[in-house]
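Structure data (TSV, C-alpha atoms) from start37.tsv:
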```tsv
chain	number	residue	atom	x	y	z
A	77	MET	CA	7.06	22.16	-2.29
A	78	THR	CA	6.38	22.04	1.44
A	79	LEU	CA	3.21	20.69	2.98
A	80	LYS	CA	2.52	24.15	4.34
A	81	GLU	CA	2.50	25.59	0.81
A	82	ILE	CA	0.24	22.76	-0.36
A	83	ALA	CA	-2.20	23.44	2.48
A	84	GLU	CA	-2.34	27.12	1.51
A	85	ILE	CA	-2.95	26.39	-2.18
A	86	LEU	CA	-5.74	23.94	-1.35
A	87	GLU	CA	-7.16	26.14	1.45
A	88	ALA	CA	-7.00	22.94	3.45
A	89	GLU	CA	-7.70	22.04	7.02
A	90	VAL	CA	-4.57	20.43	8.43
A	91	ILE	CA	-4.59	17.42	10.73
A	92	ALA	CA	-0.96	17.23	11.79
A	93	ASP	CA	1.61	18.46	14.24
A	94	SER	CA	2.99	21.87	13.25
A	95	ASP	CA	6.54	20.58	12.66
A	96	GLU	CA	5.24	18.11	10.08
A	97	LEU	CA	4.22	20.98	7.78
A	98	ASP	CA	7.86	21.49	6.80
A	99	VAL	CA	7.87	18.10	5.06
A	100	LEU	CA	9.09	18.42	1.47
A	101	ILE	CA	6.84	16.88	-1.15
A	102	LYS	CA	8.43	16.07	-4.51
A	103	ASN	CA	5.43	14.88	-6.51
A	104	ALA	CA	1.82	13.75	-6.23
A	105	CYS	CA	-0.57	11.07	-7.40
A	106	SER	CA	-4.36	11.26	-7.46
A	107	ALA	CA	-6.26	7.99	-7.13
A	108	ASP	CA	-9.05	6.16	-5.38
A	109	MET	CA	-7.72	2.75	-6.34
A	110	MET	CA	-5.12	1.74	-3.79
A	111	SER	CA	-3.47	-0.85	-6.04
A	112	ALA	CA	-2.88	1.91	-8.59
A	113	VAL	CA	-1.22	3.93	-5.83
A	114	LEU	CA	1.00	0.98	-4.91
A	115	TYR	CA	1.86	0.39	-8.57
A	116	TYR	CA	2.54	3.92	-9.79
A	117	HIS	CA	3.63	5.93	-6.76
A	118	THR	CA	7.13	7.25	-6.25
A	119	PRO	CA	8.63	7.77	-2.77
A	120	ASP	CA	8.16	11.10	-0.97
A	121	SER	CA	4.95	11.78	-2.82
A	122	LEU	CA	1.56	13.20	-1.87
A	123	LEU	CA	-1.59	11.13	-2.29
A	124	ILE	CA	-4.77	12.94	-3.31
A	125	THR	CA	-7.82	10.74	-2.75
A	126	GLY	CA	-11.51	10.64	-1.94
A	127	LEU	CA	-11.24	7.58	0.31
A	128	THR	CA	-10.91	8.14	4.04
A	129	GLN	CA	-10.76	4.61	5.51
A	130	PRO	CA	-7.82	3.55	7.74
A	131	HIS	CA	-6.42	1.23	5.05
A	132	VAL	CA	-5.60	4.34	2.99
A	133	ILE	CA	-3.16	5.33	5.76
A	134	ARG	CA	-1.68	1.82	5.72
A	135	THR	CA	-1.32	2.00	1.93
A	136	ALA	CA	0.51	5.30	2.32
A	137	GLU	CA	2.86	3.87	4.94
A	138	ILE	CA	3.62	0.78	2.89
A	139	ALA	CA	4.31	2.91	-0.20
A	140	GLY	CA	6.40	5.55	1.60
A	141	ILE	CA	3.89	8.31	0.82
A	142	LYS	CA	4.53	11.40	2.97
A	143	SER	CA	1.08	12.94	3.24
A	144	ILE	CA	-2.55	12.54	2.14
A	145	VAL	CA	-5.10	15.07	0.88
A	146	PHE	CA	-8.77	14.15	1.28
A	147	VAL	CA	-10.91	15.92	-1.32
A	148	LEU	CA	-14.52	17.12	-1.47
A	149	ASP	CA	-14.49	18.13	2.18
A	150	LYS	CA	-14.47	14.50	3.29
A	151	LYS	CA	-13.60	14.20	6.95
A	152	PRO	CA	-11.81	11.04	8.09
A	153	GLY	CA	-13.08	9.14	11.12
A	154	VAL	CA	-11.33	8.98	14.47
A	155	GLU	CA	-9.70	5.63	13.64
A	156	THR	CA	-8.14	7.05	10.46
A	157	ILE	CA	-6.92	10.18	12.24
A	158	GLU	CA	-5.40	8.21	15.12
A	159	LEU	CA	-3.63	5.83	12.74
A	160	ALA	CA	-2.30	8.76	10.69
A	161	LYS	CA	-0.93	10.42	13.84
A	162	LEU	CA	0.64	7.15	14.95
A	163	LYS	CA	2.32	6.70	11.58
A	164	LYS	CA	3.24	10.40	11.38
A	165	ILE	CA	1.42	10.87	8.08
A	166	PRO	CA	-0.11	14.37	8.01
A	167	ILE	CA	-3.62	14.70	6.59
A	168	LEU	CA	-5.07	17.67	4.72
A	169	CYS	CA	-8.79	18.12	4.00
A	170	THR	CA	-9.81	20.34	1.09
A	171	ARG	CA	-13.22	21.35	-0.25
A	172	PHE	CA	-11.93	21.05	-3.84
A	173	CYS	CA	-12.64	17.97	-5.94
A	174	MET	CA	-9.78	15.65	-6.97
A	175	TYR	CA	-9.48	17.22	-10.44
A	176	THR	CA	-9.32	20.78	-9.15
A	177	ALA	CA	-7.00	19.99	-6.24
A	178	SER	CA	-4.63	18.16	-8.59
A	179	GLY	CA	-4.80	20.99	-11.14
A	180	LYS	CA	-4.05	23.68	-8.57
A	181	LEU	CA	-0.97	21.83	-7.30
A	182	TYR	CA	0.26	21.02	-10.81
A	183	GLU	CA	-0.16	24.65	-11.82
A	184	ALA	CA	1.85	25.67	-8.75
A	185	GLY	CA	4.73	23.45	-9.89
A	186	LEU	CA	4.17	20.11	-8.16
A	187	PRO	CA	4.68	17.38	-10.80
A	188	GLY	CA	2.86	14.05	-11.03
A	189	CYS	CA	4.43	10.75	-10.02
A	190	LEU	CA	6.63	9.30	-12.70
A	191	PHE	CA	4.95	6.38	-14.42
A	192	LYS	CA	7.24	3.41	-14.62
B	148	MET	CA	24.97	-4.83	2.73
B	149	ASP	CA	25.73	-5.59	6.39
B	150	LEU	CA	22.57	-6.83	8.02
B	151	ASN	CA	21.95	-7.34	11.69
B	152	ILE	CA	20.92	-10.98	11.26
B	153	ASN	CA	22.65	-14.14	12.50
B	154	GLU	CA	19.92	-16.69	11.98
B	155	ILE	CA	16.69	-17.11	10.02
B	156	ILE	CA	13.97	-14.77	11.26
B	157	GLU	CA	10.43	-16.07	10.84
B	158	GLY	CA	7.03	-14.52	11.21
B	159	SER	CA	3.53	-15.87	10.79
B	160	PHE	CA	0.09	-14.25	10.66
B	161	GLN	CA	-3.49	-15.41	10.37
B	162	ILE	CA	-5.54	-13.31	7.96
B	163	ILE	CA	-9.32	-13.23	8.24
B	164	GLY	CA	-11.33	-12.66	5.06
B	165	GLY	CA	-13.36	-9.44	5.03
B	166	ASN	CA	-11.42	-7.93	7.92
B	167	PHE	CA	-10.54	-4.57	6.39
B	168	ALA	CA	-10.06	-3.01	9.83
B	169	ASN	CA	-6.71	-4.77	10.27
B	170	ALA	CA	-5.75	-4.81	6.61
B	171	GLY	CA	-2.04	-4.24	6.23
B	172	GLU	CA	-1.05	-5.09	9.80
B	173	ALA	CA	0.89	-8.22	8.81
B	174	SER	CA	2.75	-6.36	6.06
B	175	MET	CA	3.56	-3.45	8.35
B	176	GLN	CA	4.99	-5.74	11.03
B	177	MET	CA	7.10	-7.51	8.44
B	178	LYS	CA	8.25	-4.14	7.09
B	179	SER	CA	9.31	-3.05	10.61
B	180	LYS	CA	11.33	-6.25	11.04
B	181	LEU	CA	13.18	-5.67	7.74
B	182	MET	CA	13.92	-2.06	8.69
B	183	GLU	CA	15.12	-3.21	12.11
B	184	ILE	CA	17.78	-5.50	10.66
B	185	GLY	CA	18.96	-2.82	8.24
B	186	VAL	CA	17.63	-3.89	4.82
B	187	HIS	CA	17.82	-1.06	2.25
B	188	GLU	CA	14.71	1.13	2.19
B	189	ALA	CA	13.92	0.52	-1.49
B	190	ILE	CA	14.04	-3.26	-1.01
B	191	VAL	CA	11.90	-3.03	2.12
B	192	ARG	CA	9.34	-1.06	0.14
B	193	ARG	CA	9.21	-3.71	-2.60
B	194	ALA	CA	8.72	-6.49	-0.04
B	195	ALA	CA	6.07	-4.51	1.82
B	196	ILE	CA	4.10	-3.66	-1.32
B	197	ALA	CA	4.15	-7.25	-2.60
B	198	THR	CA	3.07	-8.58	0.81
B	199	PHE	CA	0.37	-5.95	1.29
B	200	GLU	CA	-1.16	-6.80	-2.09
B	201	ALA	CA	-1.17	-10.50	-1.17
B	202	GLU	CA	-2.67	-9.76	2.23
B	203	MET	CA	-5.42	-7.66	0.62
B	204	ASN	CA	-6.23	-10.44	-1.84
B	205	VAL	CA	-6.86	-12.83	1.07
B	206	ILE	CA	-9.05	-10.24	2.83
B	207	ILE	CA	-11.01	-9.51	-0.36
B	208	TYR	CA	-11.49	-12.98	-1.82
B	209	ALA	CA	-10.91	-15.68	0.79
B	210	ALA	CA	-12.50	-16.87	4.02
B	211	ALA	CA	-9.10	-16.96	5.69
B	212	GLY	CA	-5.42	-17.35	4.96
B	213	ARG	CA	-1.93	-17.54	6.43
B	214	LEU	CA	1.11	-15.44	5.75
B	215	HIS	CA	4.61	-16.68	6.60
B	216	TYR	CA	7.88	-14.93	6.02
B	217	TYR	CA	11.46	-16.16	6.38
B	218	ILE	CA	14.32	-13.70	6.43
B	219	SER	CA	17.82	-15.02	5.74
B	220	PRO	CA	20.98	-12.91	5.34
B	221	ASP	CA	20.50	-12.61	1.56
B	222	LYS	CA	16.75	-12.63	0.94
B	223	ILE	CA	13.19	-12.71	2.24
B	224	THR	CA	10.76	-15.47	1.26
B	225	ILE	CA	7.05	-14.74	1.69
B	226	LYS	CA	4.41	-17.45	1.45
B	227	ILE	CA	0.68	-16.81	1.48
B	228	ASP	CA	-1.91	-19.55	1.27
B	229	ASP	CA	-5.64	-19.04	1.49
B	230	MET	CA	-8.91	-20.87	1.74
B	231	GLY	CA	-10.48	-18.95	-1.11
B	232	PRO	CA	-12.38	-19.69	-4.31
B	233	GLY	CA	-9.18	-20.27	-6.31
B	234	ILE	CA	-8.30	-18.66	-9.63
B	235	GLU	CA	-9.79	-20.21	-12.76
B	236	ASN	CA	-7.41	-18.66	-15.30
B	237	ILE	CA	-4.09	-17.56	-13.78
B	238	GLU	CA	-2.77	-16.17	-17.07
B	239	LEU	CA	-5.78	-13.87	-17.31
B	240	ALA	CA	-5.55	-12.90	-13.62
B	241	MET	CA	-1.91	-11.86	-14.15
B	242	GLN	CA	-2.94	-9.29	-16.77
B	243	GLU	CA	-2.94	-5.69	-15.54
B	244	GLY	CA	-6.49	-4.43	-15.13
B	245	TYR	CA	-8.22	-7.82	-15.04
B	246	SER	CA	-10.31	-8.20	-11.90
B	247	THR	CA	-13.25	-10.21	-10.62
B	248	ALA	CA	-13.72	-8.01	-7.54
B	249	PRO	CA	-17.31	-7.04	-6.72
B	250	ASP	CA	-18.41	-3.39	-6.66
B	251	TRP	CA	-18.25	-3.04	-2.86
B	252	VAL	CA	-14.55	-3.94	-2.95
B	253	ARG	CA	-13.90	-1.39	-5.70
B	254	GLU	CA	-15.72	1.24	-3.69
B	255	MET	CA	-13.16	0.65	-0.94
B	256	GLY	CA	-10.32	1.30	-3.37
B	257	TRP	CA	-9.32	-2.26	-4.22
B	258	GLY	CA	-9.94	-4.63	-7.12
B	259	ALA	CA	-8.25	-2.56	-9.84
B	260	GLY	CA	-6.69	-5.70	-11.30
B	261	MET	CA	-3.19	-4.61	-10.32
B	262	GLY	CA	-2.62	-6.86	-7.31
B	263	LEU	CA	-1.03	-9.94	-8.86
B	264	PRO	CA	0.98	-7.94	-11.46
B	265	ASN	CA	2.21	-5.71	-8.64
B	266	MET	CA	3.32	-8.72	-6.56
B	267	LYS	CA	5.24	-10.10	-9.55
B	268	LYS	CA	6.74	-6.71	-10.38
B	269	ASN	CA	8.12	-6.28	-6.87
B	270	SER	CA	9.46	-9.85	-6.49
B	271	ASP	CA	12.65	-11.40	-7.83
B	272	GLU	CA	10.90	-14.78	-7.90
B	273	PHE	CA	7.13	-15.21	-8.02
B	274	LYS	CA	5.18	-18.47	-7.98
B	275	ILE	CA	1.44	-18.94	-7.89
B	276	ASP	CA	-0.59	-22.15	-7.63
B	277	SER	CA	-4.34	-22.24	-7.44
B	278	VAL	CA	-7.07	-24.87	-7.33
B	279	VAL	CA	-10.63	-23.76	-7.97
B	280	GLY	CA	-12.76	-24.46	-4.92
B	281	GLU	CA	-9.74	-25.01	-2.65
B	282	GLY	CA	-7.53	-21.95	-2.58
B	283	THR	CA	-4.43	-20.17	-3.80
B	284	THR	CA	-0.78	-20.31	-2.74
B	285	ILE	CA	1.73	-17.61	-3.59
B	286	GLN	CA	5.45	-17.60	-2.93
B	287	MET	CA	7.59	-14.53	-3.44
B	288	ILE	CA	11.34	-14.10	-2.99
B	289	ILE	CA	13.01	-10.73	-2.77
B	290	ASN	CA	16.80	-10.63	-2.78
B	291	PHE	CA	18.65	-8.11	-0.66
B	292	SER	CA	21.30	-7.39	-3.29
```

Rendering of file as structure tokens:
Amino acid sequence: MTLKEIAEILEAEVIADSDELDVLIKNACSADMMSAVLYYHTPDSLLITGLTQPHVIRTAEIAGIKSIVFVLDKKPGVETIELAKLKKIPILCTRFCMYTASGKLYEAGLPGCLFK
Amino acid sequence: MDLNINEIIEGSFQIIGGNFANAGEASMQMKSKLMEIGVHEAIVRRAAIATFEAEMNVIIYAAAGRLHYYISPDKITIKIDDMGPGIENIELAMQEGYSTAPDWVREMGWGAGMGLPNMKKNSDEFKIDSVVGEGTTIQMIINFS
């Protein structure tokens, strides 16, 4: 599923360059605990989270996560946005809660990360 | 694997406790260095995750710490020592889900009790020594093949 399709499903505001919306996302994980993300993620995945601090972007980069969805209409600060642009990690902001956002994407065919 | 490395490459970073603003910088620089010399992406990711977890532990629990890495043609060795409270029961701390992190750390997305298990999981060799009241030393080795 492309990031563009994900943005449409989540009715999300996109913070990214337009060419980054063609990125292919294979699976997703939903978490607020960054260690859980680092433990359970699989490469090329989407992170769905309610945390908007810059270290979430660093976690994504370390883990090889392709994009991040911020839920509940949470808007990241300038520092987070700048870091995300620098690291070429597109951000989506959706009004849906984590449960609903995850459910909508799962229903549309995006599987969860494989637990190891 | 043919790596672009003729001699040992070393790196060293000071980590300041509580400094979440720069959290992950040391790990990201080390990751870039491994990518630069051509280490396989999956191995780079393991090294970066293990180092990031160790870096976060220093930021969360200790006043300060140091991170050193040594890259040789066949492996990377990462050493982290901190001036922290030390770990009373290492066996317990190695269990997934066990954490002594305060609520404010959990609110920032850390302290799930996965840090030490994640370091061990991503390392080929993992050693931890800790003295209560003095600090903790961790050494991790990740082989390139």

Output as a tab-separated table one row per residue of chain A within 10 Å of chain B: the closest atom pair and its distance in Å to one decimal place, counting all atoms listed in the file, sorted by chain and residue number ascending.
```
residue	atom	partner	partner_atom	distance
A:Ala107	CA	B:Gly256	CA	8.7
A:Asp108	CA	B:Gly256	CA	5.4
A:Met109	CA	B:Gly256	CA	4.2
A:Met110	CA	B:Gly256	CA	5.2
A:Ser111	CA	B:Met261	CA	5.7
A:Ala112	CA	B:Met261	CA	6.8
A:Val113	CA	B:Gly256	CA	9.8
A:Leu114	CA	B:Ile196	CA	6.6
A:Tyr115	CA	B:Asn265	CA	6.1
A:Tyr116	CA	B:Asn265	CA	9.7
A:Pro119	CA	B:Ala189	CA	9.1
A:Thr125	CA	B:Gly256	CA	9.8
A:Gly126	CA	B:Gly256	CA	9.5
A:Leu127	CA	B:Met255	CA	7.3
A:Thr128	CA	B:Met255	CA	9.3
A:Gln129	CA	B:Met255	CA	7.9
A:Pro130	CA	B:Ala168	CA	7.2
A:His131	CA	B:Ala170	CA	6.3
A:Val132	CA	B:Gly256	CA	8.5
A:Ile133	CA	B:Gly171	CA	9.6
A:Arg134	CA	B:Gly171	CA	6.1
A:Thr135	CA	B:Gly171	CA	7.6
A:Glu137	CA	B:Met175	CA	8.1
A:Ile138	CA	B:Ala195	CA	5.9
A:Ala139	CA	B:Arg192	CA	6.4
A:Gly140	CA	B:Arg192	CA	7.4
A:Glu155	CA	B:Ala168	CA	9.4
```

So for range 276-283 of chain B, what box centre and size do we get, axis-aligned, 3 Å extra on each of the six sides, every listed atom, Å to one decimal, as JSON?
```
{"center_x": -6.7, "center_y": -22.6, "center_z": -5.3, "size_x": 18.2, "size_y": 10.8, "size_z": 11.4}
```

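Between CA of Met287 in chain B and CA of Trp251 in chain B the separation is 28.3 Å.
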
Closest to Cys189 in chain A among A:Glu84, A:Asp98, A:His117, A:Ser106, using all atoms listed in the file?
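Of the candidates, the smallest distance to Cys189 in chain A is held by A:His117.
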
CA of Ile288 in chain B to CA of Ile141 in chain A, distance in Å rounded to a single decimal:
23.9 Å

Between CA of Arg171 in chain A and CA of Thr78 in chain A, distance in Å (one decimal):
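Computing the Euclidean distance for CA of Arg171 in chain A and CA of Thr78 in chain A yields 19.7 Å.
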
Which protein, DNA or RNA residues have an atom at most 10 Å from (8.1, 17.6, 0.8), counting all atoms listed in the file? List them as an mmCIF file with C-alpha atoms, in the coordinates of the input.
```
data_model
loop_
_atom_site.group_PDB
_atom_site.id
_atom_site.type_symbol
_atom_site.label_atom_id
_atom_site.label_comp_id
_atom_site.auth_asym_id
_atom_site.auth_seq_id
_atom_site.Cartn_x
_atom_site.Cartn_y
_atom_site.Cartn_z
ATOM 1 C CA MET A 77 7.060 22.160 -2.290
ATOM 2 C CA THR A 78 6.380 22.040 1.440
ATOM 3 C CA LEU A 79 3.210 20.690 2.980
ATOM 4 C CA LYS A 80 2.520 24.150 4.340
ATOM 5 C CA GLU A 81 2.500 25.590 0.810
ATOM 6 C CA ILE A 82 0.240 22.760 -0.360
ATOM 7 C CA GLU A 96 5.240 18.110 10.080
ATOM 8 C CA LEU A 97 4.220 20.980 7.780
ATOM 9 C CA ASP A 98 7.860 21.490 6.800
ATOM 10 C CA VAL A 99 7.870 18.100 5.060
ATOM 11 C CA LEU A 100 9.090 18.420 1.470
ATOM 12 C CA ILE A 101 6.840 16.880 -1.150
ATOM 13 C CA LYS A 102 8.430 16.070 -4.510
ATOM 14 C CA ASN A 103 5.430 14.880 -6.510
ATOM 15 C CA ASP A 120 8.160 11.100 -0.970
ATOM 16 C CA SER A 121 4.950 11.780 -2.820
ATOM 17 C CA LEU A 122 1.560 13.200 -1.870
ATOM 18 C CA LYS A 142 4.530 11.400 2.970
ATOM 19 C CA SER A 143 1.080 12.940 3.240
#
```

Which residues are near Ile227 in chain B? Cut-off 6 Å, only C-alpha atoms, ignore same chain within fewer than 4 positions. Put them as a PyMOL selection string.
chain B and resi 213-214+284-285

Tell me which protein, DNA and RNA residues are within 9 Å of range 228-239 of chain B, counting only C-alpha atoms, leaving out same-chain ones fewer than 2 positions away, and put them as a list in words.
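Final neighbour list, sorted by chain and number: Ile162, Gly164, Val205, Tyr208, Ala209, Ala210, Ala211, Gly212, Arg213, Leu214, His215, Lys226, Met241, Gln242, Glu243, Tyr245, Ile275, Asp276, Ser277, Val278, Val279, Gly280, Glu281, Gly282, Thr283, Thr284, Ile285 and Gln286 of chain B.
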
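Proximity of A:Cys173, A:Ile124, A:Glu183, A:Val90 to Ile157 in chain A, computed with all atoms listed in the file, is greatest for A:Val90.
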
Kindly extract all protein, DNA and RNA residues lying within 7 Å of the coordinates (-2.2, 13.9, 15.6) given in the file, considering only C-alpha atoms, and supply them as an mmCIF file with C-alpha atoms, in the coordinates of the input.
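Final output, saved to part.cif:
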```cif
data_model
loop_
_atom_site.group_PDB
_atom_site.id
_atom_site.type_symbol
_atom_site.label_atom_id
_atom_site.label_comp_id
_atom_site.auth_asym_id
_atom_site.auth_seq_id
_atom_site.Cartn_x
_atom_site.Cartn_y
_atom_site.Cartn_z
ATOM 1 C CA ILE A 91 -4.590 17.420 10.730
ATOM 2 C CA ALA A 92 -0.960 17.230 11.790
ATOM 3 C CA ASP A 93 1.610 18.460 14.240
ATOM 4 C CA ILE A 157 -6.920 10.180 12.240
ATOM 5 C CA GLU A 158 -5.400 8.210 15.120
ATOM 6 C CA LYS A 161 -0.930 10.420 13.840
#
```
